[in-house]
>>> print(open('data33.txt').read())   # compact mmCIF, C-alpha atoms and all ligand atoms
# COMPACT_ATOMS: atom_id res chain seq x y z
CA MET A 1 232.03 206.11 66.47
CA ASP A 2 229.58 203.83 68.25
CA MET A 3 229.66 200.43 66.57
CA ASN A 4 226.66 199.31 68.63
CA VAL A 5 224.27 201.60 66.82
CA ILE A 6 222.21 199.58 64.36
CA TYR A 7 222.53 201.43 61.09
CA LEU A 8 219.20 201.52 59.23
CA ASP A 9 220.10 204.50 57.06
CA THR A 10 221.70 202.85 54.05
CA ALA A 11 219.60 204.98 51.67
CA SER A 12 221.67 207.97 52.79
CA SER A 13 225.04 206.25 52.44
CA THR A 14 226.82 202.92 52.74
CA PRO A 15 230.37 202.03 53.79
CA VAL A 16 232.82 201.06 51.07
CA ALA A 17 232.93 197.26 50.76
CA GLN A 18 236.35 195.77 51.62
CA GLU A 19 236.75 194.21 48.16
CA VAL A 20 236.06 197.66 46.69
CA ILE A 21 238.69 199.27 48.94
CA ASP A 22 241.17 196.63 47.78
CA VAL A 23 240.54 197.57 44.15
CA MET A 24 240.80 201.31 44.94
CA LEU A 25 244.19 200.84 46.59
CA GLY A 26 245.56 199.85 43.20
CA TYR A 27 245.09 203.48 42.10
CA LEU A 28 246.01 205.50 45.18
CA GLY A 29 249.50 205.37 46.65
CA ALA A 30 253.07 205.35 45.40
CA GLY A 31 253.70 202.16 43.44
CA SER A 32 250.08 202.01 42.35
CA CYS A 33 248.55 203.21 39.06
CA TYR A 34 247.92 206.71 40.48
CA TYR A 35 248.89 208.56 37.30
CA ASN A 36 246.85 211.19 35.51
CA PRO A 37 244.88 209.59 32.66
CA SER A 38 245.27 212.83 30.69
CA SER A 39 249.10 212.54 30.73
CA ALA A 40 249.06 210.79 27.40
CA GLY A 41 252.72 211.70 26.73
CA HIS A 42 254.11 208.86 28.86
CA ILE A 43 253.33 205.22 29.21
CA LEU A 44 252.26 205.62 32.85
CA GLY A 45 249.55 208.13 32.00
CA GLN A 46 248.53 205.83 29.17
CA GLN A 47 248.15 202.97 31.65
CA ALA A 48 245.84 205.11 33.78
CA ALA A 49 243.84 206.12 30.67
CA ASP A 50 243.53 202.46 29.65
CA SER A 51 242.32 201.56 33.13
CA VAL A 52 239.58 204.22 32.88
CA LEU A 53 238.47 202.73 29.56
CA GLU A 54 238.38 199.30 31.16
CA ALA A 55 236.26 200.65 34.05
CA LYS A 56 233.85 202.29 31.60
CA SER A 57 233.55 199.06 29.68
CA VAL A 58 232.66 197.09 32.84
CA ILE A 59 230.08 199.73 33.89
CA ALA A 60 228.60 199.87 30.38
CA ASN A 61 228.26 196.07 30.22
CA LEU A 62 226.46 196.01 33.55
CA LEU A 63 223.98 198.69 32.51
CA GLY A 64 223.47 197.78 28.86
CA CYS A 65 225.05 200.83 27.25
CA HIS A 66 228.27 201.72 25.41
CA SER A 67 231.53 202.65 27.12
CA ASP A 68 231.65 206.10 25.58
CA GLU A 69 228.19 206.87 27.00
CA VAL A 70 229.54 206.78 30.58
CA ILE A 71 230.47 210.26 31.87
CA PHE A 72 231.98 210.37 35.36
CA THR A 73 230.73 213.02 37.79
CA SER A 74 231.13 213.63 41.51
CA GLY A 75 227.86 211.85 42.25
CA ALA A 76 224.16 211.88 41.43
CA THR A 77 223.72 215.55 42.39
CA GLU A 78 226.18 216.59 39.71
CA ALA A 79 224.83 214.06 37.22
CA ASN A 80 221.30 215.43 37.72
CA ASN A 81 222.58 218.97 37.29
CA LEU A 82 224.45 218.06 34.13
CA ALA A 83 221.44 216.27 32.66
CA LEU A 84 219.01 219.11 33.33
CA ARG A 85 221.18 222.17 32.72
CA GLY A 86 223.15 220.43 29.98
CA ILE A 87 220.06 219.57 27.94
CA ALA A 88 218.16 222.77 28.72
CA TYR A 89 220.96 225.13 27.72
CA ALA A 90 222.02 223.14 24.65
CA HIS A 91 218.46 222.92 23.29
CA ALA A 92 216.95 226.23 24.43
CA ALA A 93 216.43 227.27 20.82
CA THR A 94 214.09 224.32 20.16
CA GLY A 95 212.13 224.24 23.43
CA ARG A 96 211.98 225.71 26.90
CA HIS A 97 209.68 223.27 28.68
CA LEU A 98 210.71 220.53 31.13
CA VAL A 99 208.63 218.05 33.13
CA THR A 100 209.53 216.61 36.52
CA SER A 101 207.65 215.73 39.71
CA LEU A 102 207.10 217.25 43.13
CA ILE A 103 208.80 214.30 44.82
CA GLU A 104 212.23 214.42 43.17
CA HIS A 105 215.48 214.75 45.05
CA LYS A 106 216.49 218.35 45.78
CA SER A 107 219.28 218.12 43.22
CA VAL A 108 216.57 217.91 40.55
CA LEU A 109 214.05 220.29 42.14
CA GLU A 110 216.52 223.07 42.95
CA THR A 111 218.08 222.77 39.49
CA CYS A 112 214.62 223.08 37.93
CA HIS A 113 213.92 226.16 40.06
CA ALA A 114 217.22 227.68 38.86
CA LEU A 115 216.24 226.93 35.26
CA GLU A 116 212.88 228.64 35.79
CA HIS A 117 214.83 231.77 36.77
CA LYS A 118 216.62 231.49 33.42
CA GLY A 119 213.38 231.52 31.48
CA PHE A 120 212.57 227.80 31.25
CA VAL A 121 209.11 226.53 32.14
CA VAL A 122 208.86 223.47 34.38
CA THR A 123 205.78 221.33 35.05
CA TYR A 124 205.94 219.60 38.45
CA LEU A 125 203.77 216.46 38.40
CA LYS A 126 201.86 215.49 41.53
CA PRO A 127 202.08 211.84 42.57
CA ASN A 128 198.97 209.90 43.58
CA SER A 129 198.33 209.36 47.29
CA HIS A 130 200.60 206.28 47.18
CA GLY A 131 203.56 208.27 45.85
CA ARG A 132 203.42 207.04 42.25
CA ILE A 133 203.53 209.12 39.11
CA ASP A 134 200.85 207.96 36.72
CA PRO A 135 202.20 207.62 33.12
CA GLU A 136 198.99 209.30 31.95
CA THR A 137 199.84 212.47 33.88
CA VAL A 138 203.24 212.48 32.12
CA GLN A 139 201.53 212.14 28.74
CA LYS A 140 199.13 214.98 29.56
CA ALA A 141 201.94 217.31 30.65
CA LEU A 142 203.78 217.09 27.31
CA ARG A 143 203.80 220.15 25.07
CA PRO A 144 205.19 220.65 21.57
CA ASP A 145 208.18 222.46 23.12
CA THR A 146 208.89 219.87 25.87
CA LEU A 147 212.61 219.08 25.85
CA MET A 148 212.86 216.46 28.53
CA VAL A 149 211.08 214.62 31.34
CA SER A 150 213.15 213.97 34.48
CA LEU A 151 211.89 211.43 37.02
CA GLN A 152 213.45 209.26 39.67
CA TYR A 153 213.36 205.47 39.52
CA ILE A 154 212.96 204.89 43.27
CA ASN A 155 211.97 207.59 45.71
CA ASN A 156 214.65 208.01 48.36
CA GLU A 157 212.14 208.72 51.16
CA THR A 158 209.36 206.23 50.52
CA GLY A 159 211.08 203.60 48.36
CA VAL A 160 208.19 203.81 45.87
CA ILE A 161 209.11 202.44 42.43
CA GLN A 162 208.02 204.64 39.56
CA PRO A 163 206.63 203.08 36.34
CA ILE A 164 209.83 203.94 34.50
CA HIS A 165 209.40 201.38 31.71
CA GLU A 166 205.91 202.58 30.73
CA ILE A 167 206.98 206.21 30.88
CA ALA A 168 210.13 205.49 28.83
CA ALA A 169 208.04 203.83 26.13
CA LEU A 170 205.53 206.66 25.90
CA LEU A 171 208.27 209.29 25.77
CA GLU A 172 210.06 207.38 23.03
CA ASP A 173 206.84 207.48 21.01
CA ALA A 174 206.43 211.18 21.76
CA GLY A 175 210.06 211.91 20.81
CA VAL A 176 210.81 213.55 24.18
CA LEU A 177 214.07 212.96 26.07
CA PHE A 178 213.87 210.98 29.31
CA HIS A 179 216.25 211.50 32.24
CA VAL A 180 216.08 209.05 35.15
CA ASP A 181 217.62 209.69 38.55
CA ALA A 182 218.43 206.09 39.46
CA ALA A 183 220.50 206.81 42.58
CA GLN A 184 218.38 204.49 44.75
CA ALA A 185 217.91 201.82 42.07
CA VAL A 186 221.30 201.08 40.52
CA GLY A 187 222.82 197.89 41.90
CA LYS A 188 219.49 196.92 43.48
CA PHE A 189 217.20 196.63 40.45
CA ALA A 190 218.12 195.26 37.03
CA ILE A 191 218.68 198.13 34.63
CA ASP A 192 219.16 197.30 30.97
CA LEU A 193 219.43 200.44 28.89
CA GLU A 194 219.53 198.28 25.78
CA LYS A 195 215.90 197.35 26.46
CA THR A 196 214.53 200.49 28.14
CA PRO A 197 214.61 203.72 26.12
CA ILE A 198 216.08 206.01 28.78
CA ASP A 199 218.25 208.80 27.33
CA LEU A 200 220.08 209.93 30.46
CA LEU A 201 220.59 208.08 33.73
CA SER A 202 222.19 209.34 36.97
CA LEU A 203 223.83 207.12 39.56
CA SER A 204 226.00 207.44 42.66
CA ALA A 205 228.52 204.90 44.01
CA HIS A 206 228.08 205.57 47.72
CA LYS A 207 224.54 204.21 47.58
CA PHE A 208 225.82 200.73 46.69
CA TYR A 209 228.95 200.19 48.80
CA GLY A 210 231.23 202.32 46.64
CA PRO A 211 233.03 205.53 47.63
CA LYS A 212 231.44 208.95 48.06
CA GLY A 213 232.32 211.60 45.50
CA ILE A 214 231.85 209.54 42.35
CA GLY A 215 228.91 208.78 40.15
CA CYS A 216 228.07 209.04 36.53
CA LEU A 217 225.67 210.34 34.01
CA ILE A 218 224.98 207.82 31.28
CA ILE A 219 224.20 209.67 28.06
CA ARG A 220 222.71 207.37 25.44
CA ASN A 221 223.61 208.22 21.84
CA ARG A 222 226.07 210.75 23.21
CA ARG A 223 227.57 211.41 19.82
CA TYR A 224 224.27 212.85 18.62
CA LEU A 225 222.86 214.31 21.82
CA LYS A 226 224.19 217.77 22.62
CA LEU A 227 224.70 218.86 26.24
CA GLU A 228 226.17 222.11 27.49
CA PRO A 229 228.99 221.27 29.95
CA MET A 230 228.89 222.77 33.42
CA LEU A 231 232.60 222.34 34.11
CA THR A 232 234.96 223.56 31.43
CA GLY A 233 238.73 223.19 31.41
CA GLY A 234 240.94 220.40 30.14
CA GLY A 235 238.15 218.88 28.07
CA GLN A 236 238.03 215.47 29.78
CA GLU A 237 234.98 213.25 29.27
CA PHE A 238 234.51 214.43 25.67
CA GLY A 239 234.44 218.02 26.88
CA LEU A 240 231.33 217.33 28.95
CA ARG A 241 233.01 217.32 32.34
CA SER A 242 236.48 218.76 32.66
CA GLY A 243 238.73 217.85 35.58
CA THR A 244 241.36 215.20 36.25
CA LEU A 245 239.65 211.84 36.39
CA PRO A 246 239.77 210.38 39.95
CA THR A 247 240.96 206.91 38.98
CA HIS A 248 240.69 205.39 42.47
CA GLN A 249 237.07 206.57 42.74
CA ILE A 250 236.29 205.37 39.23
CA HIS A 251 237.62 201.90 39.97
CA GLY A 252 235.74 201.96 43.27
CA LEU A 253 232.51 202.68 41.41
CA LYS A 254 233.26 199.95 38.89
CA ALA A 255 234.04 197.33 41.55
CA ALA A 256 231.04 198.26 43.71
CA LEU A 257 228.69 198.12 40.74
CA ALA A 258 230.00 194.74 39.66
CA LEU A 259 229.64 193.40 43.19
CA ALA A 260 226.08 194.73 43.53
CA CYS A 261 224.91 193.60 40.09
CA ASN A 262 226.43 190.13 40.39
CA CYS A 263 224.66 189.52 43.71
CA GLN A 264 221.54 191.48 42.87
CA THR A 265 218.94 188.71 43.00
CA LYS A 266 220.39 187.15 46.15
CA ASN A 267 220.61 190.55 47.86
CA TYR A 268 217.08 191.47 46.80
CA THR A 269 215.61 188.28 48.26
CA HIS A 270 217.45 188.75 51.55
CA VAL A 271 216.45 192.41 51.86
CA CYS A 272 212.78 191.51 51.13
CA ASP A 273 212.93 189.14 54.11
CA LEU A 274 214.51 191.80 56.30
CA LYS A 275 211.89 194.39 55.42
CA ARG A 276 209.07 191.93 56.08
CA GLN A 277 210.62 190.95 59.41
CA PHE A 278 210.97 194.62 60.37
CA ILE A 279 207.39 195.58 59.50
CA GLU A 280 205.81 192.48 61.04
CA GLY A 281 207.94 192.89 64.17
CA LEU A 282 206.74 196.46 64.68
CA GLN A 283 203.13 195.60 63.84
CA GLN A 284 203.02 192.97 66.59
CA SER A 285 203.33 195.64 69.28
CA LEU A 286 202.67 199.01 67.70
CA SER A 287 200.09 200.74 65.59
CA ILE A 288 202.09 201.82 62.54
CA LYS A 289 201.16 203.28 59.19
CA ILE A 290 203.29 202.61 56.13
CA HIS A 291 203.59 205.43 53.61
CA GLY A 292 203.84 204.77 49.90
CA ASP A 293 202.62 202.12 47.52
CA VAL A 294 203.34 198.78 49.18
CA ALA A 295 202.73 196.92 45.93
CA HIS A 296 205.41 198.98 44.14
CA SER A 297 208.02 199.47 46.79
CA SER A 298 211.75 198.89 47.06
CA PRO A 299 212.58 196.33 49.74
CA TYR A 300 215.52 198.55 50.68
CA ILE A 301 213.37 201.35 52.11
CA VAL A 302 210.33 201.66 54.38
CA ASN A 303 208.69 204.88 55.52
CA PHE A 304 206.31 204.64 58.44
CA SER A 305 204.82 206.51 61.35
CA VAL A 306 203.87 205.29 64.79
CA LYS A 307 200.54 206.52 66.10
CA GLY A 308 200.98 209.45 68.46
CA ILE A 309 204.78 209.68 68.12
CA SER A 310 206.61 212.49 66.32
CA THR A 311 209.50 211.92 63.92
CA GLU A 312 211.84 214.02 66.02
CA ALA A 313 210.96 212.32 69.30
CA LEU A 314 211.44 208.83 67.92
CA ILE A 315 214.69 209.56 66.10
CA ASN A 316 216.14 211.37 69.11
CA GLN A 317 215.04 208.64 71.55
CA LEU A 318 216.77 206.06 69.40
CA SER A 319 219.80 208.06 68.28
CA ALA A 320 222.27 205.97 70.32
CA ALA A 321 220.66 202.63 69.45
CA VAL A 322 219.19 202.69 65.95
CA ALA A 323 220.13 205.10 63.16
CA LEU A 324 216.88 206.06 61.42
CA SER A 325 216.17 209.01 59.20
CA SER A 326 213.42 211.53 58.89
CA GLY A 327 214.03 211.22 55.16
CA SER A 328 213.86 214.99 54.90
CA ALA A 329 216.02 217.98 55.68
CA CYS A 330 217.05 218.74 59.21
CA SER A 331 217.45 222.45 59.84
CA SER A 332 218.49 224.15 63.09
CA GLY A 333 217.71 221.09 65.18
CA THR A 334 214.11 220.74 64.04
CA ILE A 335 212.98 218.32 61.39
CA ASP A 336 211.00 219.83 58.54
CA PRO A 337 208.07 217.68 57.48
CA SER A 338 208.75 215.83 54.25
CA TYR A 339 207.80 217.59 51.03
CA VAL A 340 207.53 214.15 49.41
CA LEU A 341 204.87 212.97 51.86
CA ARG A 342 203.13 216.35 51.70
CA ALA A 343 202.89 216.02 47.91
CA MET A 344 201.21 212.64 48.43
CA GLY A 345 198.57 214.37 50.55
CA ILE A 346 199.81 212.97 53.86
CA GLU A 347 199.24 215.35 56.73
CA GLY A 348 198.84 215.73 60.49
CA GLU A 349 200.14 213.01 62.77
CA ASP A 350 201.16 210.78 59.85
CA LEU A 351 203.27 213.54 58.28
CA TYR A 352 204.87 214.72 61.51
CA GLY A 353 205.60 211.18 62.62
CA ALA A 354 207.16 209.81 59.44
CA VAL A 355 210.44 207.92 59.82
CA ARG A 356 212.54 206.13 57.20
CA ALA A 357 214.37 202.88 57.78
CA SER A 358 216.61 201.55 55.03
CA PHE A 359 218.19 198.13 54.80
CA SER A 360 221.06 196.36 53.08
CA GLN A 361 222.20 192.91 52.09
CA TYR A 362 224.75 193.02 54.91
CA HIS A 363 222.13 193.31 57.67
CA GLN A 364 221.54 190.19 59.74
CA TYR A 365 218.12 189.05 60.92
CA SER A 366 219.38 189.47 64.50
CA GLU A 367 220.13 193.17 63.89
CA ILE A 368 216.64 193.74 62.55
CA SER A 369 215.00 192.05 65.52
CA ALA A 370 217.20 194.07 67.90
CA ALA A 371 216.22 197.29 66.06
CA VAL A 372 212.56 196.33 66.32
CA ARG A 373 212.95 195.74 70.08
CA HIS A 374 214.65 199.13 70.51
CA ILE A 375 211.92 200.93 68.58
CA ILE A 376 209.13 199.24 70.51
CA SER A 377 210.66 200.00 73.88
CA ALA A 378 211.42 203.62 72.86
CA VAL A 379 207.80 204.09 71.85
CA GLN A 380 206.54 202.47 75.06
CA ARG A 381 208.83 204.75 77.12
CA MET A 382 207.46 207.78 75.34
CA GLN A 383 203.88 206.62 75.80
CA GLU A 384 204.47 206.08 79.55
CA LEU A 385 205.97 209.58 79.89
CA GLU A 386 202.87 211.05 78.33
N1 LIG B 401 219.01 211.41 43.91
C1 LIG B 401 218.52 210.56 44.82
C2 LIG B 401 217.22 209.83 44.55
C3 LIG B 401 219.22 210.34 46.01
O1 LIG B 401 218.74 209.50 46.93
C4 LIG B 401 220.45 211.03 46.22
C5 LIG B 401 221.23 210.84 47.50
N2 LIG B 401 220.49 211.14 48.66
C6 LIG B 401 220.90 211.90 45.22
C7 LIG B 401 220.15 212.05 44.07
C8 LIG B 401 222.19 212.66 45.38
O2 LIG B 401 223.28 211.80 45.27
P1 LIG B 401 224.76 212.23 45.69
O3 LIG B 401 224.84 212.04 47.16
O4 LIG B 401 225.63 211.29 44.94
O5 LIG B 401 224.97 213.63 45.27
>>> encode(input="data33.txt", output="structure tokens")
Amino acid sequence: MDMNVIYLDTASSTPVAQEVIDVMLGYLGAGSCYYNPSSAGHILGQQAADSVLEAKSVIANLLGCHSDEVIFTSGATEANNLALRGIAYAHAATGRHLVTSLIEHKSVLETCHALEHKGFVVTYLKPNSHGRIDPETVQKALRPDTLMVSLQYINNETGVIQPIHEIAALLEDAGVLFHVDAAQAVGKFAIDLEKTPIDLLSLSAHKFYGPKGIGCLIIRNRRYLKLEPMLTGGGQEFGLRSGTLPTHQIHGLKAALALACNCQTKNYTHVCDLKRQFIEGLQQSLSIKIHGDVAHSSPYIVNFSVKGISTEALINQLSAAVALSSGSACSSGTIDPSYVLRAMGIEGEDLYGAVRASFSQYHQYSEISAAVRHIISAVQRMQELE
């Protein structure tokens, strides 16, 4: 592991914060509360079950929902699957139409494709050239048999913020369920489900300094909203997601979420400064193009291309100095151009040169200026070679 590499790939994963690790240790080893929360027959299992209820209560308070609306999953991929398949299969008798967009995470897109094979009909909305989904296009896509609309809050490649509040309001009026993949938003943006009529919300702890392998699906009004479970077995999580609850992960998620939400404004301000510093630093020496709506963009993510430089060349040149991402899948050593940028109508040099940098509250200004220097000199080296 090279500690000198400047890590600008926090949108893909973050390390577990030390205070979060400390909390997790209370549920891991011998002498800790490692017991099975389903072992209700003894006081130790009961302690573990109580601790899960406490974790749910903390999470619910931070997001503005009720404790029994928090369903733990292995992450946002599973939460997205449960939301889409769970609603589709449970309500197939009343409707077979779903709406999503072309720029969702693969865990939504591939699940929608699988549902199409099972006889459901999916409308894939096209974003505008800035990567935003217009609420009007959502309204127009609705049909009498539409079960649910599933959209992300923040795009993981471009950082573009979707108009979630407007869309939530129009779907509430239309009486259509709304699922939001908030994997890149939770802990970074204020989310109050008490005020925003979102029915289902997916999140993942490893995006906000919690452990990998844990997330949740928040299901508002769970008592009345039917979902078909994907995992059946011991009937944990109200029968919606069987499997022994991973208490250490759950407490890791809880602690990470509390840490992120409590410092949210401070973190946001700092990350805004970092992003500005990064962009201005590059612009001083390079001709760069920023992809996505700059007026509606998460400070945590920037997607850009440098004139005349390919994604692959830049990422490879920098691999030992700055960890950047193509934002899209990497298969057999070549980087596929981003389907998100393609859907926005970006093509040619801009598409094949797109690179994502993602920031965090833990980055120092000095790291950002060092990363900028590395990128500029890598580009200059490549230009000289040409
Ligand atoms: N949705 C979005 C928007 C994401 O960025 C990610 C992670 N890349 C996921 C879903 C999947 O999350 P997980 O890694 O927890 O499965």
>>> closest_residue(input="data33.txt", among="A:Val379, A:Ile219, A:Leu259, A:Ile250", to="Ser285 of chain A", atoms="all atoms listed in the file")
A:Val379
>>> closest_residue(input="data33.txt", among="A:Leu151, A:Leu225, A:Ile21, A:Val58", to="Gly86 of chain A", atoms="all atoms listed in the file")
A:Leu225
>>> residues_around(input="data33.txt", residues="segment 267-283 of chain A", least_positions_apart="6", cutoff="9 Å", atoms="all atoms listed in the file", output="number ranges by chain")
A: 188-189, 260, 290, 298-302, 358-365, 368-369, 371-373, 375-376
>>> residues_near_ligand(input="data33.txt", ligand="ligand LIG 401 (chain B)", cutoff="6 Å", atoms="only C-alpha atoms and all ligand atoms", output="PyMOL selection string")
chain A and resi 12+75-77+105+155-156+181+183-184+204
>>> residues_around(input="data33.txt", residues="Val70 of chain A", least_positions_apart="2", cutoff="7 Å", atoms="all atoms listed in the file", output="count of residues only")
9
>>> atom_distance(input="data33.txt", atom1="atom CA of Val16 of chain A", atom2="atom CA of Asn61 of chain A")
21.9 Å
>>> closest_residue(input="data33.txt", among="A:Ser57, A:Ser325, A:Ser377, A:Thr158", to="Lys254 of chain A", atoms="only C-alpha atoms")
A:Ser57
>>> closest_residue(input="data33.txt", among="A:Ile335, A:Val122, A:Leu53, A:Leu227", to="Leu314 of chain A", atoms="all atoms listed in the file")
A:Ile335
>>> closest_residue(input="data33.txt", among="A:Glu104, A:Asp336, A:Glu110, A:Asp134", to="Ala182 of chain A", atoms="only C-alpha atoms")
A:Glu104
>>> atom_distance(input="data33.txt", atom1="atom CA of Ser287 of chain A", atom2="atom CA of Thr10 of chain A")
24.6 Å
>>> decode(input="data33.txt", residues="segment 93-114 of chain A", atoms="C-alpha atoms", output="tab-separated table (two decimals), in the first residue's frame")
chain	number	residue	atom	x	y	z
A	93	ALA	CA	-51.22	-7.14	-9.99
A	94	THR	CA	-51.86	-3.37	-9.86
A	95	GLY	CA	-49.20	-2.14	-12.31
A	96	ARG	CA	-46.21	-3.23	-14.33
A	97	HIS	CA	-44.61	0.09	-15.22
A	98	LEU	CA	-41.52	1.63	-13.61
A	99	VAL	CA	-39.64	4.86	-14.37
A	100	THR	CA	-35.92	5.43	-13.90
A	101	SER	CA	-33.17	7.26	-15.80
A	102	LEU	CA	-30.34	6.37	-18.14
A	103	ILE	CA	-27.76	7.67	-15.68
A	104	GLU	CA	-28.53	5.52	-12.64
A	105	HIS	CA	-26.01	3.26	-10.94
A	106	LYS	CA	-25.76	-0.21	-12.48
A	107	SER	CA	-27.48	-1.71	-9.44
A	108	VAL	CA	-30.63	0.12	-10.55
A	109	LEU	CA	-30.18	-0.26	-14.32
A	110	GLU	CA	-29.34	-3.97	-14.29
A	111	THR	CA	-32.21	-4.66	-11.88
A	112	CYS	CA	-34.58	-2.80	-14.20
A	113	HIS	CA	-33.31	-4.83	-17.16
A	114	ALA	CA	-33.94	-8.04	-15.17
